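**Student:** Quick one, query11.txt (compact mmCIF, C-alpha atoms):
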```
# COMPACT_ATOMS: atom_id res chain seq x y z
CA MET A 1 -3.70 4.59 -4.41
CA ARG A 2 -7.00 3.87 -6.07
CA TYR A 3 -8.49 7.21 -7.14
CA LEU A 4 -6.56 10.42 -7.56
CA PRO A 5 -7.47 13.57 -9.48
CA LYS A 6 -5.14 14.48 -12.29
CA VAL A 7 -2.84 17.38 -11.53
CA ALA A 8 -0.46 18.99 -14.00
CA VAL A 9 2.80 18.14 -12.27
CA LEU A 10 5.69 16.43 -14.06
CA LEU A 11 8.77 14.72 -12.58
CA CYS A 12 12.20 12.58 -12.70
CA PRO A 13 14.28 9.43 -13.50
CA ILE A 14 16.94 8.14 -11.12
CA GLY A 15 19.01 5.42 -12.68
CA LEU A 16 19.50 2.36 -10.53
CA TYR A 17 21.64 -0.62 -10.08
CA ALA A 18 21.93 -3.82 -12.01
CA CYS A 19 19.53 -6.55 -11.01
CA VAL A 20 19.14 -10.29 -11.35
CA LEU A 21 16.22 -11.24 -13.53
CA VAL A 22 13.39 -13.62 -12.80
CA VAL A 23 11.01 -15.32 -15.16
CA ASN A 24 7.67 -13.72 -15.81
CA PRO A 25 5.58 -14.08 -18.95
CA LYS A 26 5.19 -11.11 -21.24
CA THR A 27 1.65 -9.83 -21.10
CA PRO A 28 -0.25 -9.72 -24.40
CA ASN A 29 0.10 -6.52 -26.39
CA ASP A 30 2.34 -4.94 -23.79
CA PRO A 31 4.92 -2.56 -25.25
CA THR A 32 7.59 -2.69 -22.58
CA PRO A 33 10.62 -4.86 -23.30
CA VAL A 34 10.78 -8.29 -21.72
CA ALA A 35 13.98 -9.01 -19.82
CA ASN A 36 16.27 -11.84 -20.81
CA VAL A 37 15.22 -14.76 -18.68
CA SER A 38 17.02 -17.72 -17.24
CA SER A 39 15.55 -21.12 -17.97
CA SER A 40 16.44 -22.20 -14.45
CA ASN A 41 13.60 -20.09 -13.15
CA VAL A 42 10.85 -21.41 -15.42
CA ASN A 43 9.56 -24.02 -12.99
CA SER A 44 7.98 -22.12 -10.10
CA SER A 45 8.52 -25.04 -7.72
CA GLU A 46 12.26 -24.34 -7.80
CA LYS A 47 11.64 -21.09 -5.92
CA MET A 48 9.19 -22.48 -3.39
CA PRO A 49 11.76 -23.78 -0.86
CA VAL A 50 13.42 -20.35 -0.84
CA PHE A 51 10.16 -18.55 -0.19
CA LEU A 52 9.12 -21.05 2.47
CA ALA A 53 12.47 -20.66 4.22
CA ALA A 54 11.87 -16.92 4.57
CA LEU A 55 8.82 -17.53 6.76
CA PRO A 56 9.19 -18.92 10.29
CA GLN A 57 7.87 -22.46 10.73
CA SER A 58 5.21 -21.10 13.08
CA THR A 59 3.76 -18.76 10.41
CA SER A 60 0.06 -19.36 9.83
CA ASN A 61 -0.78 -20.38 6.25
CA ARG A 62 2.93 -20.53 5.47
CA GLU A 63 2.70 -22.73 2.37
CA LEU A 64 -0.19 -20.69 0.99
CA LEU A 65 1.78 -17.44 1.37
CA ALA A 66 4.82 -18.86 -0.40
CA GLU A 67 2.75 -20.37 -3.21
CA SER A 68 0.63 -17.28 -3.76
CA TRP A 69 3.67 -14.99 -3.95
CA ASP A 70 5.24 -17.31 -6.51
CA SER A 71 2.01 -17.28 -8.51
CA TYR A 72 1.66 -13.51 -8.28
CA ARG A 73 5.18 -12.73 -9.44
CA ARG A 74 4.73 -14.97 -12.48
CA LYS A 75 1.24 -13.76 -13.43
CA PHE A 76 1.24 -10.07 -12.54
CA ILE A 77 4.91 -9.07 -12.84
CA GLN A 78 6.21 -8.81 -16.38
CA GLY A 79 9.69 -9.95 -17.33
CA ASP A 80 11.12 -6.44 -17.10
CA GLY A 81 9.62 -5.79 -13.64
CA ARG A 82 6.41 -4.01 -14.57
CA VAL A 83 3.45 -4.90 -12.32
CA ILE A 84 0.25 -5.04 -14.37
CA ASP A 85 -3.29 -4.26 -13.24
CA TYR A 86 -5.33 -6.28 -15.75
CA GLU A 87 -8.62 -4.84 -14.50
CA ALA A 88 -7.51 -1.27 -15.29
CA SER A 89 -6.60 -1.46 -18.99
CA ASP A 90 -3.25 -3.11 -18.17
CA HIS A 91 -2.08 0.03 -16.40
CA SER A 92 0.74 0.09 -13.89
CA THR A 93 0.85 2.23 -10.77
CA SER A 94 3.31 3.35 -8.13
CA GLU A 95 1.10 1.47 -5.65
CA GLY A 96 1.53 -1.76 -7.60
CA GLN A 97 5.31 -1.48 -7.85
CA ALA A 98 5.52 -0.68 -4.14
CA TYR A 99 3.34 -3.64 -3.11
CA ALA A 100 5.58 -5.95 -5.15
CA MET A 101 8.71 -4.54 -3.52
CA LEU A 102 7.24 -4.82 -0.03
CA ARG A 103 6.06 -8.37 -0.57
CA ALA A 104 9.39 -9.35 -2.15
CA VAL A 105 11.43 -8.15 0.81
CA LEU A 106 9.04 -9.71 3.32
CA ILE A 107 9.47 -13.11 1.67
CA ASP A 108 13.18 -12.69 0.95
CA ASP A 109 13.06 -12.42 -2.86
CA PRO A 110 15.85 -9.96 -3.76
CA GLU A 111 15.65 -10.70 -7.49
CA THR A 112 12.02 -9.67 -7.88
CA PHE A 113 12.62 -6.71 -5.58
CA ALA A 114 15.46 -5.38 -7.74
CA LEU A 115 13.50 -5.96 -10.93
CA THR A 116 10.34 -4.14 -9.85
CA LEU A 117 12.34 -1.28 -8.35
CA LYS A 118 14.38 -0.87 -11.51
CA TRP A 119 11.28 -0.72 -13.71
CA ALA A 120 9.69 1.93 -11.50
CA GLU A 121 12.85 4.03 -11.34
CA SER A 122 13.19 3.83 -15.12
CA ASN A 123 9.56 4.48 -16.04
CA LEU A 124 7.73 6.30 -13.23
CA MET A 125 10.22 9.03 -12.38
CA ARG A 126 8.82 12.45 -13.17
CA GLN A 127 10.44 15.08 -15.36
CA GLN A 128 9.91 18.65 -16.43
CA ASN A 129 11.43 19.80 -19.69
CA GLY A 130 13.39 16.57 -19.79
CA LYS A 131 15.00 17.16 -16.41
CA PRO A 132 14.39 15.42 -13.09
CA THR A 133 12.48 17.39 -10.49
CA ASP A 134 12.25 14.95 -7.55
CA SER A 135 12.58 11.27 -6.68
CA LEU A 136 8.90 10.40 -6.17
CA TRP A 137 6.99 8.25 -8.65
CA ALA A 138 4.19 9.22 -11.02
CA TRP A 139 1.22 7.17 -9.93
CA LYS A 140 -0.15 5.95 -13.28
CA TRP A 141 1.51 4.48 -16.39
CA GLY A 142 -0.12 2.86 -19.42
CA GLN A 143 -1.33 3.33 -22.96
CA LYS A 144 -2.02 6.93 -23.91
CA GLN A 145 -4.70 8.21 -26.25
CA ASP A 146 -2.22 8.38 -29.12
CA GLY A 147 -1.42 4.69 -28.68
CA SER A 148 2.00 5.19 -27.11
CA TRP A 149 2.86 3.88 -23.64
CA GLY A 150 4.20 5.91 -20.76
CA ILE A 151 3.17 8.07 -17.82
CA ILE A 152 -0.54 8.88 -18.00
CA ASP A 153 -0.77 10.89 -14.79
CA SER A 154 2.40 12.40 -13.36
CA THR A 155 0.86 13.20 -9.98
CA PHE A 156 2.49 11.24 -7.18
CA ALA A 157 0.46 9.28 -4.62
CA SER A 158 2.08 9.26 -1.21
CA ASP A 159 0.84 5.81 -0.17
CA GLY A 160 2.83 4.21 -2.97
CA ASP A 161 5.93 6.20 -2.09
CA ILE A 162 5.58 5.37 1.62
CA ASP A 163 5.32 1.65 0.90
CA ALA A 164 8.24 1.80 -1.54
CA ILE A 165 10.48 3.66 0.91
CA THR A 166 9.57 1.24 3.70
CA ALA A 167 10.47 -1.65 1.39
CA LEU A 168 13.80 -0.01 0.50
CA ILE A 169 14.73 0.35 4.17
CA PHE A 170 13.82 -3.27 4.88
CA ALA A 171 15.76 -4.41 1.81
CA ALA A 172 18.86 -2.46 2.83
CA ARG A 173 18.78 -4.13 6.23
CA ARG A 174 17.85 -7.62 5.07
CA TRP A 175 20.32 -7.91 2.21
CA ASN A 176 23.03 -5.50 3.38
CA ARG A 177 22.47 -3.18 0.42
CA PRO A 178 23.51 0.34 1.47
CA GLU A 179 22.50 1.76 -1.92
CA TYR A 180 18.88 0.93 -1.11
CA MET A 181 19.16 2.90 2.12
CA GLU A 182 20.67 5.87 0.29
CA LEU A 183 17.81 5.87 -2.21
CA ALA A 184 15.30 5.67 0.65
CA LYS A 185 16.88 8.74 2.27
CA ILE A 186 16.69 10.70 -0.98
CA LYS A 187 13.02 9.81 -1.36
CA LEU A 188 12.30 10.70 2.28
CA GLN A 189 13.53 14.25 1.71
CA ASP A 190 11.16 14.69 -1.22
CA LEU A 191 8.24 12.97 0.49
CA TRP A 192 8.55 15.32 3.46
CA LYS A 193 8.95 18.40 1.29
CA LEU A 194 6.24 17.65 -1.26
CA SER A 195 3.71 15.52 0.60
CA SER A 196 3.50 16.95 4.11
CA ILE A 197 2.21 20.32 5.20
CA SER A 198 2.08 22.40 8.38
CA SER A 199 -1.20 23.87 9.56
CA PRO A 200 -1.44 27.36 11.11
CA ASP A 201 -0.97 25.85 14.58
CA GLY A 202 2.21 24.10 13.47
CA LYS A 203 0.81 20.56 13.26
CA ARG A 204 2.23 18.55 10.36
CA TYR A 205 -0.05 16.42 8.17
CA LEU A 206 0.60 13.85 5.46
CA LEU A 207 -1.03 14.77 2.18
CA PRO A 208 -2.13 12.10 -0.33
CA GLY A 209 -0.17 13.92 -3.05
CA PRO A 210 0.87 17.42 -4.15
CA THR A 211 -0.33 20.46 -2.21
CA SER A 212 -1.86 21.88 -5.39
CA ALA A 213 -4.35 19.00 -5.41
CA PHE A 214 -4.94 18.35 -1.72
CA ALA A 215 -4.49 21.76 -0.09
CA PRO A 216 -6.60 23.86 -2.47
CA ASN A 217 -6.82 26.84 -0.12
CA GLU A 218 -5.41 28.09 3.19
CA SER A 219 -8.00 26.33 5.32
CA THR A 220 -8.79 23.05 3.55
CA LEU A 221 -6.90 19.76 3.35
CA TYR A 222 -8.21 16.67 1.56
CA LEU A 223 -6.92 13.57 3.36
CA ASN A 224 -7.04 9.81 2.90
CA PRO A 225 -6.94 7.95 6.24
CA SER A 226 -5.72 4.74 4.58
CA TYR A 227 -2.47 6.44 3.53
CA LEU A 228 -1.53 7.11 7.15
CA ALA A 229 1.17 4.66 8.21
CA PRO A 230 2.40 5.36 11.76
CA TYR A 231 4.71 2.30 11.74
CA ALA A 232 6.41 3.63 8.58
CA PHE A 233 6.86 7.10 10.06
CA ARG A 234 8.53 5.53 13.12
CA ILE A 235 10.90 3.65 10.80
CA PHE A 236 11.55 6.80 8.76
CA ALA A 237 12.52 8.60 11.97
CA GLN A 238 15.23 5.98 12.53
CA VAL A 239 16.97 6.69 9.22
CA ASP A 240 16.12 10.37 8.66
CA PRO A 241 16.47 12.21 11.99
CA ALA A 242 16.72 15.59 10.23
CA ARG A 243 12.93 15.59 9.78
CA ASP A 244 10.30 15.20 12.49
CA TRP A 245 8.61 12.05 11.20
CA LEU A 246 7.19 11.29 14.64
CA SER A 247 5.03 14.40 14.30
CA LEU A 248 3.22 12.54 11.50
CA VAL A 249 2.53 9.67 13.91
CA GLU A 250 0.75 12.13 16.19
CA SER A 251 -1.26 13.81 13.44
CA SER A 252 -2.09 10.47 11.84
CA TYR A 253 -3.85 9.24 14.94
CA GLN A 254 -5.61 12.58 15.31
CA VAL A 255 -6.91 12.32 11.75
CA LEU A 256 -7.90 8.67 12.11
CA GLU A 257 -9.71 9.09 15.41
CA ASN A 258 -11.41 12.42 14.75
CA SER A 259 -12.44 11.75 11.15
CA ALA A 260 -14.10 8.49 12.22
CA GLN A 261 -16.55 10.67 14.14
CA LEU A 262 -18.04 11.64 10.77
CA SER A 263 -19.50 8.13 10.70
CA THR A 264 -22.37 7.40 13.05
CA VAL A 265 -21.03 3.83 13.25
CA GLY A 266 -17.37 4.83 13.60
CA LEU A 267 -16.03 3.64 10.26
CA PRO A 268 -12.97 5.17 8.59
CA SER A 269 -13.64 6.88 5.29
CA ASP A 270 -11.90 6.67 1.94
CA TRP A 271 -11.56 10.46 1.87
CA VAL A 272 -12.22 13.32 4.30
CA ALA A 273 -11.75 17.08 4.39
CA LEU A 274 -10.12 18.95 7.28
CA ASN A 275 -10.56 22.65 8.00
CA VAL A 276 -7.20 23.42 9.60
CA LYS A 277 -8.44 26.72 11.01
CA THR A 278 -11.45 25.30 12.87
CA LYS A 279 -9.88 21.80 13.20
CA GLN A 280 -13.20 20.33 12.09
CA PHE A 281 -13.46 17.30 9.83
CA GLN A 282 -16.03 17.27 7.06
CA THR A 283 -17.21 14.91 4.36
CA THR A 284 -16.05 15.73 0.86
CA PRO A 285 -18.49 17.59 -1.42
CA ASN A 286 -20.98 15.38 -3.26
CA SER A 287 -19.60 16.67 -6.54
CA SER A 288 -16.07 15.52 -5.70
CA ALA A 289 -14.48 12.40 -7.18
CA LEU A 290 -13.09 11.78 -3.69
CA LYS A 291 -15.90 10.12 -1.77
CA SER A 292 -16.50 10.03 1.96
CA LEU A 293 -17.56 6.43 2.48
CA TYR A 294 -16.10 3.20 3.80
CA GLY A 295 -14.72 1.40 0.76
CA PHE A 296 -11.72 -0.15 -0.95
CA ASP A 297 -9.25 2.49 0.21
CA ALA A 298 -10.38 2.52 3.83
CA TYR A 299 -9.89 -1.24 4.30
CA ARG A 300 -6.15 -0.63 4.57
CA VAL A 301 -6.58 1.33 7.82
CA TRP A 302 -7.03 -2.00 9.66
CA TRP A 303 -3.81 -3.42 8.22
CA ARG A 304 -1.66 -0.33 8.72
CA LEU A 305 -2.66 0.06 12.37
CA SER A 306 -2.23 -3.65 13.01
CA LEU A 307 1.40 -3.26 11.90
CA ASP A 308 1.88 -0.37 14.31
CA ALA A 309 0.27 -2.37 17.12
CA VAL A 310 2.51 -5.42 16.60
CA TRP A 311 5.79 -3.87 15.44
CA PHE A 312 5.83 -0.95 17.88
CA ASN A 313 3.38 -2.05 20.57
CA SER A 314 1.31 1.09 19.96
CA PRO A 315 -1.54 1.49 22.47
CA GLN A 316 -3.18 4.04 20.14
CA ALA A 317 -3.33 1.46 17.37
CA GLN A 318 -4.74 -1.20 19.68
CA GLN A 319 -7.38 1.16 21.05
CA TYR A 320 -8.39 2.36 17.59
CA LEU A 321 -8.85 -1.18 16.32
CA GLU A 322 -10.89 -2.18 19.35
CA LYS A 323 -13.16 0.87 19.11
CA PHE A 324 -13.69 1.45 15.40
CA THR A 325 -14.15 -2.13 14.23
CA GLN A 326 -17.26 -2.56 16.37
CA HIS A 327 -19.77 -2.02 13.56
CA LEU A 328 -18.06 -4.56 11.33
CA GLN A 329 -17.79 -7.01 14.20
CA ASN A 330 -21.55 -6.67 14.77
CA LEU A 331 -22.32 -7.11 11.07
CA TRP A 332 -20.20 -10.24 10.91
CA THR A 333 -21.78 -11.70 14.06
CA GLN A 334 -25.27 -11.07 12.65
CA GLN A 335 -24.80 -12.24 9.08
CA SER A 336 -21.24 -13.56 8.45
CA TYR A 337 -21.01 -11.00 5.67
CA LEU A 338 -19.54 -7.53 5.15
CA PRO A 339 -20.71 -5.34 2.25
CA ALA A 340 -17.87 -4.04 0.10
CA ARG A 341 -18.98 -0.41 0.44
CA ILE A 342 -20.83 1.13 3.38
CA ASP A 343 -21.95 4.72 3.85
CA LEU A 344 -21.00 6.65 6.96
CA GLN A 345 -24.38 5.91 8.54
CA GLY A 346 -23.77 2.18 8.27
CA LYS A 347 -25.95 1.47 5.22
CA ALA A 348 -24.69 -1.02 2.65
CA LEU A 349 -24.12 0.70 -0.70
CA VAL A 350 -23.60 -2.48 -2.73
CA ASP A 351 -24.87 -6.05 -2.61
CA TYR A 352 -21.49 -7.76 -2.90
CA ASP A 353 -18.55 -8.33 -0.57
CA ALA A 354 -14.78 -8.12 -1.13
CA THR A 355 -11.99 -10.55 -0.31
CA SER A 356 -9.65 -7.58 0.11
CA GLN A 357 -11.80 -6.22 2.94
CA TYR A 358 -11.96 -9.57 4.71
CA ALA A 359 -8.15 -9.87 4.56
CA MET A 360 -7.53 -6.43 6.03
CA PHE A 361 -10.20 -6.93 8.69
CA TYR A 362 -8.75 -10.36 9.48
CA THR A 363 -5.42 -8.74 10.36
CA ALA A 364 -7.09 -6.55 12.97
CA MET A 365 -9.26 -9.34 14.35
CA ARG A 366 -6.21 -11.56 14.91
CA LEU A 367 -5.17 -9.00 17.53
CA ILE A 368 -8.46 -8.29 19.24
CA LYS A 369 -10.91 -11.11 18.40
CA PRO A 370 -8.96 -14.24 17.37
CA THR A 371 -12.07 -16.42 17.22
CA LEU A 372 -13.77 -14.01 14.82
CA ALA A 373 -10.57 -13.84 12.75
CA GLN A 374 -10.56 -17.61 12.39
CA GLU A 375 -14.18 -17.54 11.21
CA ILE A 376 -13.31 -15.00 8.51
CA LEU A 377 -10.33 -17.06 7.42
CA GLN A 378 -12.34 -20.28 7.14
CA LYS A 379 -15.52 -18.83 5.64
CA LYS A 380 -14.28 -16.04 3.38
CA LEU A 381 -10.55 -16.16 2.70
CA LEU A 382 -9.52 -19.78 2.25
CA PRO A 383 -12.57 -20.66 0.07
CA GLN A 384 -11.56 -17.88 -2.35
CA TYR A 385 -8.05 -19.27 -2.77
CA LYS A 386 -7.39 -21.66 -5.65
CA GLN A 387 -4.03 -22.55 -7.22
CA GLY A 388 -2.18 -19.48 -6.05
CA ILE A 389 -4.91 -16.90 -6.75
CA TRP A 390 -7.66 -15.31 -4.67
CA GLY A 391 -10.92 -14.86 -6.55
CA GLU A 392 -10.72 -13.58 -10.11
CA HIS A 393 -7.44 -14.25 -11.89
CA SER A 394 -7.26 -10.61 -13.02
CA ALA A 395 -7.83 -9.13 -9.55
CA TYR A 396 -4.50 -7.42 -8.86
CA TYR A 397 -5.72 -5.41 -5.82
CA THR A 398 -7.26 -8.46 -4.21
CA GLN A 399 -4.05 -10.49 -4.55
CA ASN A 400 -2.01 -7.83 -2.76
CA LEU A 401 -4.38 -7.07 0.10
CA ALA A 402 -5.18 -10.74 0.66
CA TRP A 403 -1.49 -11.63 0.90
CA LEU A 404 -0.53 -8.68 3.09
CA GLY A 405 -3.52 -9.33 5.34
CA LEU A 406 -2.70 -13.00 5.83
CA LEU A 407 0.99 -12.46 6.50
CA PRO A 408 1.31 -12.31 10.31
CA PRO A 409 3.07 -9.04 11.28
CA GLU A 410 5.06 -10.91 13.92
CA SER A 411 6.71 -13.04 11.22
CA MET A 412 8.78 -10.04 10.15
CA PRO A 413 12.42 -10.26 11.34
CA LYS A 414 12.75 -7.76 14.17
CA GLN A 415 16.14 -6.49 12.97
CA LEU A 416 14.45 -5.10 9.87
CA ILE A 417 11.98 -3.02 11.87
CA LYS A 418 14.40 -1.71 14.46
CA ALA A 419 17.95 -1.27 13.30
CA ASN A 420 20.74 -2.43 15.59
```
In structure tokens, what does this structure look like?

**Tutor:**
Amino acid sequence: MRYLPKVAVLLCPIGLYACVLVVNPKTPNDPTPVANVSSSNVNSSEKMPVFLAALPQSTSNRELLAESWDSYRRKFIQGDGRVIDYEASDHSTSEGQAYAMLRAVLIDDPETFALTLKWAESNLMRQQNGKPTDSLWAWKWGQKQDGSWGIIDSTFASDGDIDAITALIFAARRWNRPEYMELAKIKLQDLWKLSSISSPDGKRYLLPGPTSAFAPNESTLYLNPSYLAPYAFRIFAQVDPARDWLSLVESSYQVLENSAQLSTVGLPSDWVALNVKTKQFQTTPNSSALKSLYGFDAYRVWWRLSLDAVWFNSPQAQQYLEKFTQHLQNLWTQQSYLPARIDLQGKALVDYDATSQYAMFYTAMRLIKPTLAQEILQKKLLPQYKQGIWGEHSAYYTQNLAWLGLLPPESMPKQLIKAN
């Protein structure tokens, strides 16, 4: 979650299991305690064979993926498990903790997984009057105005919780850890209750956060298409049959397909508004902090639908990617360049590009235009990679989206996606 309005909602700590610690340097001036570290983990090369072994031999860019994860966990994950966004005043977010967990389980790193989960459970759980209120995570943690460190914004962001729950389910299956599955089920109850809403016609929608922020009146919902994760909802349905998670698959595709009509060139938007009474999608007001444009949030639509296409053979995902990437395909063919932000009429809003966009777009192109995907990889992704890092050494968001985009969805062990 990149931009979320502050809402006065507070919430809860759930204590969690012991974990094995990995080495990560303490970030300068950071107040959180550094875990005791084992000298056996100091040399990153000692972990490389383990990470390589987690990826099938046929995995594209296998060595790069193993090396870049090793680099990321040492540079961006503090010794106690806190993931640091250096470009945002050393803040930490639920999104960041969830990305680390997801990447850790995908590359078979149970130590880092346990560490990042434990930090989030200890520091991001929301409270009211000192008591827990639910199991979702506050989205933003860092240094407060009075100089102390802690939760800055207690609003939850559902994309972070979705990614964290997905990671917990995978971890339970990969490492035979039933306690991870139990925690996932607890979080699923709260995610459904607090971050989904029924419209007057009974259709259920995923909200980006609390109803007080994103359902301001009886007719209006503010939605973020990049939070919609049909593959995750299918997995949630496997472990939580008491709730109709498949209804969110249906509404997700409705939102994705219909809201793209707001763009004359068919691009997804960072944020949209839905009138649930008229069923019409609208751009957000100009005065809103939530902007209707194709930008850093919207990139993730390509990745999330690529996962649904590969993991669940979704024809809706395949059709969406084929139809709504056309403008970007044309831009790339014409100029081998994609602006980082584009308005809904197709006009570039900035004069720079973004590695994170190329990585997410690459994932989709691997499925529908492999030749174009290879061009993006060779011209825009590999040249940005040096010694374990893409682009700027402080670019936390870029590291995550680049890695997730380059990891082939088919490399995921099938038993993690569909339980026996």

**Student:** Quick one: residues within 12 Å of Val255 of chain A, only C-alpha atoms counted, chain neighbours fewer than 3 positions away excluded, as a PyMOL selection string?

**Tutor:** chain A and resi 203-207+221-230+248-252+258-262+268-269+271-276+279-282+301+320

**Student:** Which of these, A:Thr355, A:Gln128, A:Leu401, A:Pro208, has the shortest distance to Tyr385 of chain A once you count all atoms listed in the file?

**Tutor:**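 Closest residue, counting all atoms listed in the file: A:Thr355.
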
**Student:** Here is a test: counting only C-alpha atoms, which residue of A:Ile342, A:Ala138, A:Ala184, A:Ala402 is nearest to Ile152 of chain A?

**Tutor:**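 Comparing A:Ile342, A:Ala138, A:Ala184, A:Ala402 against Ile152 of chain A, the winner is A:Ala138.
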
**Student:** Kindly provide, as a count of residues only, the polymer residues lying within 12 Å of (-7.0, -8.9, -3.5), counting only C-alpha atoms and using the coordinates exactly as they appear in the file.

**Tutor:** 39

**Student:** Within 12 Å of (-2.6, 6.9, -11.8) (coordinates as in the file), grab all the protein and nucleic acid residues, counting all atoms listed in the file, and write them out as an NGL selection string.

**Tutor:** :A and (1-7 or 85 or 88-96 or 124 or 137-143 or 150-158 or 160 or 209)

**Student:** Can I get the selected residues back with C-alpha atoms, as a PDB file, in the coordinates of the input?

**Tutor:**
```pdb
ATOM      1  CA  MET A   1      -3.700   4.590  -4.410  1.00  0.00           C
ATOM      2  CA  ARG A   2      -7.000   3.870  -6.070  1.00  0.00           C
ATOM      3  CA  TYR A   3      -8.490   7.210  -7.140  1.00  0.00           C
ATOM      4  CA  LEU A   4      -6.560  10.420  -7.560  1.00  0.00           C
ATOM      5  CA  PRO A   5      -7.470  13.570  -9.480  1.00  0.00           C
ATOM      6  CA  LYS A   6      -5.140  14.480 -12.290  1.00  0.00           C
ATOM      7  CA  VAL A   7      -2.840  17.380 -11.530  1.00  0.00           C
ATOM      8  CA  ASP A  85      -3.290  -4.260 -13.240  1.00  0.00           C
ATOM      9  CA  ALA A  88      -7.510  -1.270 -15.290  1.00  0.00           C
ATOM     10  CA  SER A  89      -6.600  -1.460 -18.990  1.00  0.00           C
ATOM     11  CA  ASP A  90      -3.250  -3.110 -18.170  1.00  0.00           C
ATOM     12  CA  HIS A  91      -2.080   0.030 -16.400  1.00  0.00           C
ATOM     13  CA  SER A  92       0.740   0.090 -13.890  1.00  0.00           C
ATOM     14  CA  THR A  93       0.850   2.230 -10.770  1.00  0.00           C
ATOM     15  CA  SER A  94       3.310   3.350  -8.130  1.00  0.00           C
ATOM     16  CA  GLU A  95       1.100   1.470  -5.650  1.00  0.00           C
ATOM     17  CA  GLY A  96       1.530  -1.760  -7.600  1.00  0.00           C
ATOM     18  CA  LEU A 124       7.730   6.300 -13.230  1.00  0.00           C
ATOM     19  CA  TRP A 137       6.990   8.250  -8.650  1.00  0.00           C
ATOM     20  CA  ALA A 138       4.190   9.220 -11.020  1.00  0.00           C
ATOM     21  CA  TRP A 139       1.220   7.170  -9.930  1.00  0.00           C
ATOM     22  CA  LYS A 140      -0.150   5.950 -13.280  1.00  0.00           C
ATOM     23  CA  TRP A 141       1.510   4.480 -16.390  1.00  0.00           C
ATOM     24  CA  GLY A 142      -0.120   2.860 -19.420  1.00  0.00           C
ATOM     25  CA  GLN A 143      -1.330   3.330 -22.960  1.00  0.00           C
ATOM     26  CA  GLY A 150       4.200   5.910 -20.760  1.00  0.00           C
ATOM     27  CA  ILE A 151       3.170   8.070 -17.820  1.00  0.00           C
ATOM     28  CA  ILE A 152      -0.540   8.880 -18.000  1.00  0.00           C
ATOM     29  CA  ASP A 153      -0.770  10.890 -14.790  1.00  0.00           C
ATOM     30  CA  SER A 154       2.400  12.400 -13.360  1.00  0.00           C
ATOM     31  CA  THR A 155       0.860  13.200  -9.980  1.00  0.00           C
ATOM     32  CA  PHE A 156       2.490  11.240  -7.180  1.00  0.00           C
ATOM     33  CA  ALA A 157       0.460   9.280  -4.620  1.00  0.00           C
ATOM     34  CA  SER A 158       2.080   9.260  -1.210  1.00  0.00           C
ATOM     35  CA  GLY A 160       2.830   4.210  -2.970  1.00  0.00           C
ATOM     36  CA  GLY A 209      -0.170  13.920  -3.050  1.00  0.00           C
TER      37      GLY A 209
END
```

**Student:** Using only C-alpha atoms, which of the listed residues (A:Ser198, A:Ser287, A:Thr166, A:Gln334) sits closest to Ala232 of chain A?

**Tutor:**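 Of A:Ser198, A:Ser287, A:Thr166, A:Gln334, the one nearest Ala232 of chain A is A:Thr166, counting only C-alpha atoms.
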
**Student:** Which polymer residues have any atom within 12 Å of an atom of Pro413 of chain A, counting only C-alpha atoms, with same-chain residues fewer than 4 positions away left out, as a VMD selection string?

**Tutor:** chain A and resid 54 to 56 105 to 108 170 to 171 173 to 174 311 408 to 409 417 to 419

**Student:** I'd like to know which of A:Leu290, A:Leu64, A:Ala298, A:Leu115 is closest to Leu256 of chain A, using all atoms listed in the file.

**Tutor:**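 Looking only at the distances to Leu256 of chain A, the closest residue turns out to be A:Ala298.
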
**Student:** Which of these residues is nearest to Ala66 of chain A, using only C-alpha atoms: A:Arg366, A:Ala373, A:Leu407, A:Thr284?

**Tutor:**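 Closest residue, counting only C-alpha atoms: A:Leu407.
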
**Student:** Suppose you want the space between atom CA of Ala309 of chain A and atom CA of Asp109 of chain A; what is it in Å?

**Tutor:**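 Pair atom CA of Ala309 of chain A / atom CA of Asp109 of chain A returns 25.8 Å.
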
**Student:** Excluding same-chain residues fewer than 6 positions from Pro339 of chain A, what lies within 8 Å of it counting all atoms listed in the file, as a PyMOL selection string?

**Tutor:** chain A and resi 348-354

**Student:** Taking all atoms of segment 243-249 of chain A that the file lists, what box with edges along x, y and z, padded by 8 Å per side, do you get, with centre and edge lengths in Å to one decimal, as lines of an AutoDock Vina configuration file?

**Tutor:**
```
center_x = 7.7
center_y = 12.6
center_z = 12.2
size_x = 26.4
size_y = 21.9
size_z = 20.9
```

**Student:** For the atom pair atom CA of Asp134 of chain A and atom CA of Ala164 of chain A, what is the interatomic distance in Å to one decimal place?

**Tutor:**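 For atom CA of Asp134 of chain A relative to atom CA of Ala164 of chain A, the distance reads 15.0 Å.
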
**Student:** Please, can segment 194-198 of chain A be completed to N, CA and C atoms and returned as a tab-separated table (two decimals), in the frame of the given file?

**Tutor:**
```tsv
chain	number	residue	atom	x	y	z
A	194	LEU	N	7.32	17.52	-0.29
A	194	LEU	CA	6.24	17.65	-1.26
A	194	LEU	C	4.91	17.07	-0.79
A	195	SER	N	4.93	16.20	0.23
A	195	SER	CA	3.71	15.52	0.60
A	195	SER	C	3.36	15.66	2.08
A	196	SER	N	3.95	16.64	2.75
A	196	SER	CA	3.50	16.95	4.11
A	196	SER	C	3.38	18.46	4.21
A	197	ILE	N	2.51	18.90	5.12
A	197	ILE	CA	2.21	20.32	5.20
A	197	ILE	C	1.95	20.70	6.65
A	198	SER	N	2.33	21.90	7.03
A	198	SER	CA	2.08	22.40	8.38
A	198	SER	C	0.83	23.26	8.39
```
